[in-house]
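S.K.: So I've got this file, final.txt, and it contains compact mmCIF, C-alpha atoms and all ligand atoms:
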# COMPACT_ATOMS: atom_id res chain seq x y z
CA MET B 1 3.75 -18.24 -5.91
CA LYS B 2 4.70 -14.54 -5.58
CA LYS B 3 4.27 -13.08 -2.10
CA VAL B 4 2.67 -9.69 -1.52
CA LEU B 5 2.28 -7.69 1.68
CA VAL B 6 -0.83 -5.52 1.86
CA THR B 7 -0.48 -3.32 4.92
CA TYR B 8 -2.30 -0.27 6.18
CA TYR B 9 -3.14 2.00 9.06
CA SER B 10 -6.79 2.81 9.76
CA ARG B 11 -8.54 4.39 12.73
CA THR B 12 -12.14 4.66 11.51
CA GLY B 13 -12.16 1.81 8.98
CA ASN B 14 -12.06 3.48 5.54
CA THR B 15 -8.46 2.54 4.71
CA ALA B 16 -8.99 -0.91 6.23
CA GLU B 17 -11.91 -1.49 3.85
CA MET B 18 -9.74 -0.54 0.87
CA ALA B 19 -6.97 -2.85 2.09
CA ARG B 20 -9.39 -5.78 2.29
CA MET B 21 -10.70 -5.08 -1.24
CA ILE B 22 -7.15 -4.98 -2.62
CA ALA B 23 -6.04 -8.09 -0.72
CA ASP B 24 -9.11 -10.07 -1.89
CA GLY B 25 -8.47 -9.00 -5.48
CA LEU B 26 -4.82 -10.04 -5.34
CA VAL B 27 -5.74 -13.43 -3.85
CA ASP B 28 -8.14 -13.91 -6.78
CA LYS B 29 -5.18 -13.20 -9.09
CA GLY B 30 -3.34 -16.15 -7.56
CA LEU B 31 -0.88 -14.26 -5.36
CA ASP B 32 0.14 -15.31 -1.84
CA VAL B 33 -1.19 -12.31 0.09
CA THR B 34 -0.45 -11.28 3.67
CA LEU B 35 -2.91 -8.63 4.90
CA LYS B 36 -1.80 -6.90 8.10
CA ARG B 37 -2.32 -3.70 10.01
CA VAL B 38 0.99 -1.86 9.76
CA GLU B 39 1.46 -1.97 13.53
CA GLU B 40 1.43 -5.78 13.33
CA VAL B 41 4.02 -6.17 10.58
CA ASN B 42 7.28 -7.72 11.73
CA ILE B 43 9.76 -5.47 9.98
CA ASP B 44 12.26 -8.33 9.80
CA SER B 45 9.86 -10.21 7.49
CA ILE B 46 9.62 -7.62 4.73
CA ALA B 47 12.46 -8.84 2.53
CA GLU B 48 10.49 -12.10 2.03
CA PHE B 49 7.88 -10.28 -0.07
CA ASP B 50 7.98 -9.72 -3.83
CA GLY B 51 5.66 -6.71 -3.62
CA PHE B 52 4.13 -4.19 -1.23
CA VAL B 53 0.78 -2.41 -1.29
CA VAL B 54 0.67 0.18 1.49
CA GLY B 55 -2.29 2.29 2.59
CA SER B 56 -2.81 5.17 4.95
CA PRO B 57 -5.42 7.78 5.70
CA ASN B 58 -4.20 11.24 4.77
CA TYR B 59 -3.15 12.94 8.01
CA PHE B 60 -2.19 16.60 7.50
CA GLY B 61 -1.12 16.02 3.91
CA THR B 62 0.96 12.92 4.47
CA MET B 63 0.80 9.35 5.76
CA ALA B 64 -0.26 8.58 9.35
CA TRP B 65 2.69 8.12 11.72
CA PRO B 66 2.39 4.33 12.14
CA VAL B 67 2.90 4.03 8.36
CA LYS B 68 5.87 6.44 8.53
CA LYS B 69 7.30 4.34 11.37
CA PHE B 70 7.02 1.23 9.16
CA VAL B 71 8.67 3.10 6.27
CA ASP B 72 11.47 4.43 8.48
CA GLU B 73 12.13 1.03 10.01
CA SER B 74 12.32 -0.47 6.51
CA VAL B 75 15.69 1.29 6.12
CA LYS B 76 17.10 -1.86 7.69
CA PHE B 77 16.47 -3.49 4.30
CA PHE B 78 17.76 -0.64 2.14
CA LYS B 79 19.08 -2.06 -1.15
CA LYS B 80 17.42 -5.43 -0.42
CA LEU B 81 14.01 -4.42 -1.83
CA ASP B 82 15.51 -3.22 -5.10
CA GLY B 83 13.41 -4.20 -8.12
CA LYS B 84 10.37 -5.35 -6.13
CA ALA B 85 6.88 -4.00 -6.88
CA ALA B 86 5.10 -1.32 -4.87
CA ALA B 87 1.76 0.48 -4.91
CA ALA B 88 -0.09 2.73 -2.47
CA PHE B 89 -3.59 3.86 -1.60
CA THR B 90 -5.11 6.39 0.75
CA SER B 91 -8.32 7.59 2.21
CA GLU B 92 -8.46 11.36 1.45
CA GLY B 93 -5.81 13.16 -0.54
CA MET B 94 -3.28 11.93 -3.08
CA ILE B 95 -0.33 13.70 -1.43
CA GLY B 96 -0.23 10.90 1.11
CA VAL B 97 -0.05 8.29 -1.67
CA LEU B 98 2.88 10.09 -3.22
CA ASP B 99 4.73 10.19 0.09
CA ILE B 100 4.39 6.44 0.47
CA LEU B 101 5.46 5.84 -3.13
CA LYS B 102 8.50 8.13 -2.73
CA ALA B 103 9.78 5.89 0.04
CA PHE B 104 9.43 2.80 -2.15
CA LEU B 105 11.12 4.55 -5.08
CA ILE B 106 14.07 5.24 -2.78
CA HIS B 107 14.09 1.52 -1.99
CA GLY B 108 14.49 0.94 -5.75
CA CYS B 109 11.03 -0.58 -6.12
CA VAL B 110 9.03 -0.46 -9.35
CA VAL B 111 5.92 1.58 -8.64
CA GLN B 112 2.51 0.98 -10.19
CA GLY B 113 0.61 4.15 -11.11
CA LEU B 114 -2.97 4.57 -12.34
CA THR B 115 -4.33 6.40 -15.36
CA SER B 116 -7.68 6.90 -13.59
CA ALA B 117 -8.67 9.65 -11.15
CA GLY B 118 -6.34 8.67 -8.30
CA HIS B 119 -3.30 9.00 -10.62
CA PHE B 120 -0.88 7.48 -8.10
CA GLY B 121 -3.17 4.88 -6.51
CA PRO B 122 -6.76 4.58 -5.29
CA VAL B 123 -7.73 7.62 -3.18
CA ALA B 124 -11.10 7.29 -1.43
CA VAL B 125 -13.04 10.26 -0.13
CA GLY B 126 -14.33 8.85 3.14
CA LYS B 127 -15.94 5.43 2.80
CA PRO B 128 -14.86 3.60 -0.38
CA ASP B 129 -17.56 3.92 -3.07
CA GLU B 130 -18.23 2.55 -6.56
CA ARG B 131 -15.46 4.72 -8.07
CA ILE B 132 -12.98 3.19 -5.63
CA ASN B 133 -14.25 -0.31 -6.43
CA LYS B 134 -13.34 0.35 -10.05
CA GLU B 135 -9.92 1.83 -9.20
CA VAL B 136 -9.14 -1.13 -6.96
CA VAL B 137 -10.02 -3.57 -9.76
CA VAL B 138 -7.64 -1.71 -12.10
CA LEU B 139 -4.85 -1.52 -9.51
CA VAL B 140 -5.19 -5.21 -8.66
CA GLU B 141 -5.04 -6.17 -12.34
CA LYS B 142 -1.96 -4.04 -13.03
CA PHE B 143 -0.16 -4.76 -9.77
CA ALA B 144 -0.64 -8.53 -10.06
CA ALA B 145 0.75 -8.42 -13.61
CA LEU B 146 3.71 -6.29 -12.44
CA VAL B 147 4.60 -8.63 -9.56
CA GLU B 148 4.51 -11.62 -11.90
CA ARG B 149 6.71 -9.83 -14.45
CA LEU B 150 9.46 -8.80 -12.03
C1 LIG S 201 -5.15 13.46 12.78
C2 LIG S 201 -5.95 13.51 11.51
C3 LIG S 201 -5.53 14.31 10.47
C4 LIG S 201 -6.26 14.37 9.27
N1 LIG S 201 -5.81 15.17 8.28
C5 LIG S 201 -6.50 15.23 7.11
C6 LIG S 201 -6.06 16.07 6.06
O1 LIG S 201 -5.06 16.77 6.15
N2 LIG S 201 -6.79 16.09 4.92
C7 LIG S 201 -7.91 15.33 4.75
O2 LIG S 201 -8.53 15.37 3.68
N3 LIG S 201 -8.35 14.50 5.73
C8 LIG S 201 -7.68 14.46 6.91
N4 LIG S 201 -8.13 13.64 7.93
C9 LIG S 201 -9.30 12.77 7.67
C10 LIG S 201 -8.91 11.32 7.38
O3 LIG S 201 -7.91 11.23 6.39
C11 LIG S 201 -10.16 10.58 6.90
O4 LIG S 201 -11.15 10.65 7.88
C12 LIG S 201 -9.88 9.12 6.55
O5 LIG S 201 -10.96 8.62 5.77
C13 LIG S 201 -9.70 8.26 7.77
O6 LIG S 201 -9.33 6.96 7.37
P1 LIG S 201 -9.61 5.68 8.28
O7 LIG S 201 -11.10 5.51 8.34
O8 LIG S 201 -8.94 4.55 7.58
O9 LIG S 201 -9.02 5.93 9.65
C14 LIG S 201 -7.43 13.60 9.12
C15 LIG S 201 -7.87 12.79 10.20
C16 LIG S 201 -7.14 12.75 11.38
C17 LIG S 201 -7.63 11.88 12.51
Would you write the structure of this file as structure tokens?
M.R.:
Amino acid sequence: MKKVLVTYYSRTGNTAEMARMIADGLVDKGLDVTLKRVEEVNIDSIAEFDGFVVGSPNYFGTMAWPVKKFVDESVKFFKKLDGKAAAAFTSEGMIGVLDILKAFLIHGCVVQGLTSAGHFGPVAVGKPDERINKEVVVLVEKFAALVERL
């Protein structure tokens, strides 16, 4: 069974809600999903995963610092995540999604994009709504297929 880490930072709950939706969807697709707040991820465990779905609220046009800390600490596994799958989501603003995805591209990961409104991953405006439900369903479908293919 392929292993996926869904991790996120959230202060007021919007990003956490998206993370739970994504994790539940990936479990339904038959993946072995670990859902953790980013502050609780043991960085030494990340090479065990076949894919990563990372979420952050948009803070001043980029990811929140606990997510950046996770990304920066992941340098320990540079070249060891090559070819794994990655996707991102945010609450407010797609620039933050792109920043997360850039880091995973530098790791050599294969990134899942979206043809729907979020372009680069689900982007909620405040509390996730029906539009986000639909984007999450699409992301889950595509990401699960990508992880299985790699
Ligand atoms: C320090 C800080 C910076 C923020 N910067 C932005 C921003 O630049 N643009 C924006 O649209 N929202 C910004 N927000 C709003 C959050 O992205 C938004 O409230 C988000 O839904 C919070 O997610 P959460 O509920 O998962 O904590 C900021 C919030 C905080 C606390």
S.K.: At most 12 Å from (-11.8, 5.8, 11.3), file frame, all atoms listed in the file: which residues, as a ChimeraX atom specification?
M.R.: /B:9-17,56-59,91-92,126-127
S.K.: Go through B:Ala19, B:Val71, B:Val136, B:Ala117 and flag the residue nearest Lys102 of chain B, using only C-alpha atoms for the distances.
M.R.: B:Val71
S.K.: Nearest residue to ligand LIG 201 (chain S) out of B:Ala64, B:Ala144, B:Val97, B:Gly121, using only C-alpha atoms and all ligand atoms?
M.R.: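 The shortest atom-to-atom distance to ligand LIG 201 (chain S) comes from B:Ala64.
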S.K.: Step by step, gather every atom of ligand LIG 201 (chain S) that the file lists, find the box along x, y and z that holds them, add 4 Å on each side, and finally give centre and edge lengths in Å to one decimal, as lines of an AutoDock Vina configuration file.
M.R.:
center_x = -8.1
center_y = 10.7
center_z = 8.2
size_x = 14.1
size_y = 20.2
size_z = 17.1
S.K.: With all atoms listed in the file as the atoms that count, which of B:Leu81, B:Val67, B:Val33, B:Cys109 lies nearest to Ala47 of chain B?
M.R.: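 Ranked by minimum distance to Ala47 of chain B, first place goes to B:Leu81.
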S.K.: Could you check how far atom CA of Leu146 of chain B sits from atom CA of Ala124 of chain B, in Å to one decimal?
M.R.: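 Between these atoms lies a distance of 22.9 Å.
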S.K.: Give the answer as one residue: which of B:Thr7, B:Ser116, B:Ser45, B:Asn133 has the shortest atom-to-atom distance to ligand LIG 201 (chain S), using all atoms listed in the file?
M.R.: B:Thr7
S.K.: Quick check, in Å to one decimal: how far apart do atom CA of Glu148 of chain B and atom CA of Gly93 of chain B lie?
M.R.: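 Atom CA of Gly93 of chain B lies at a distance of 29.1 Å from atom CA of Glu148 of chain B.
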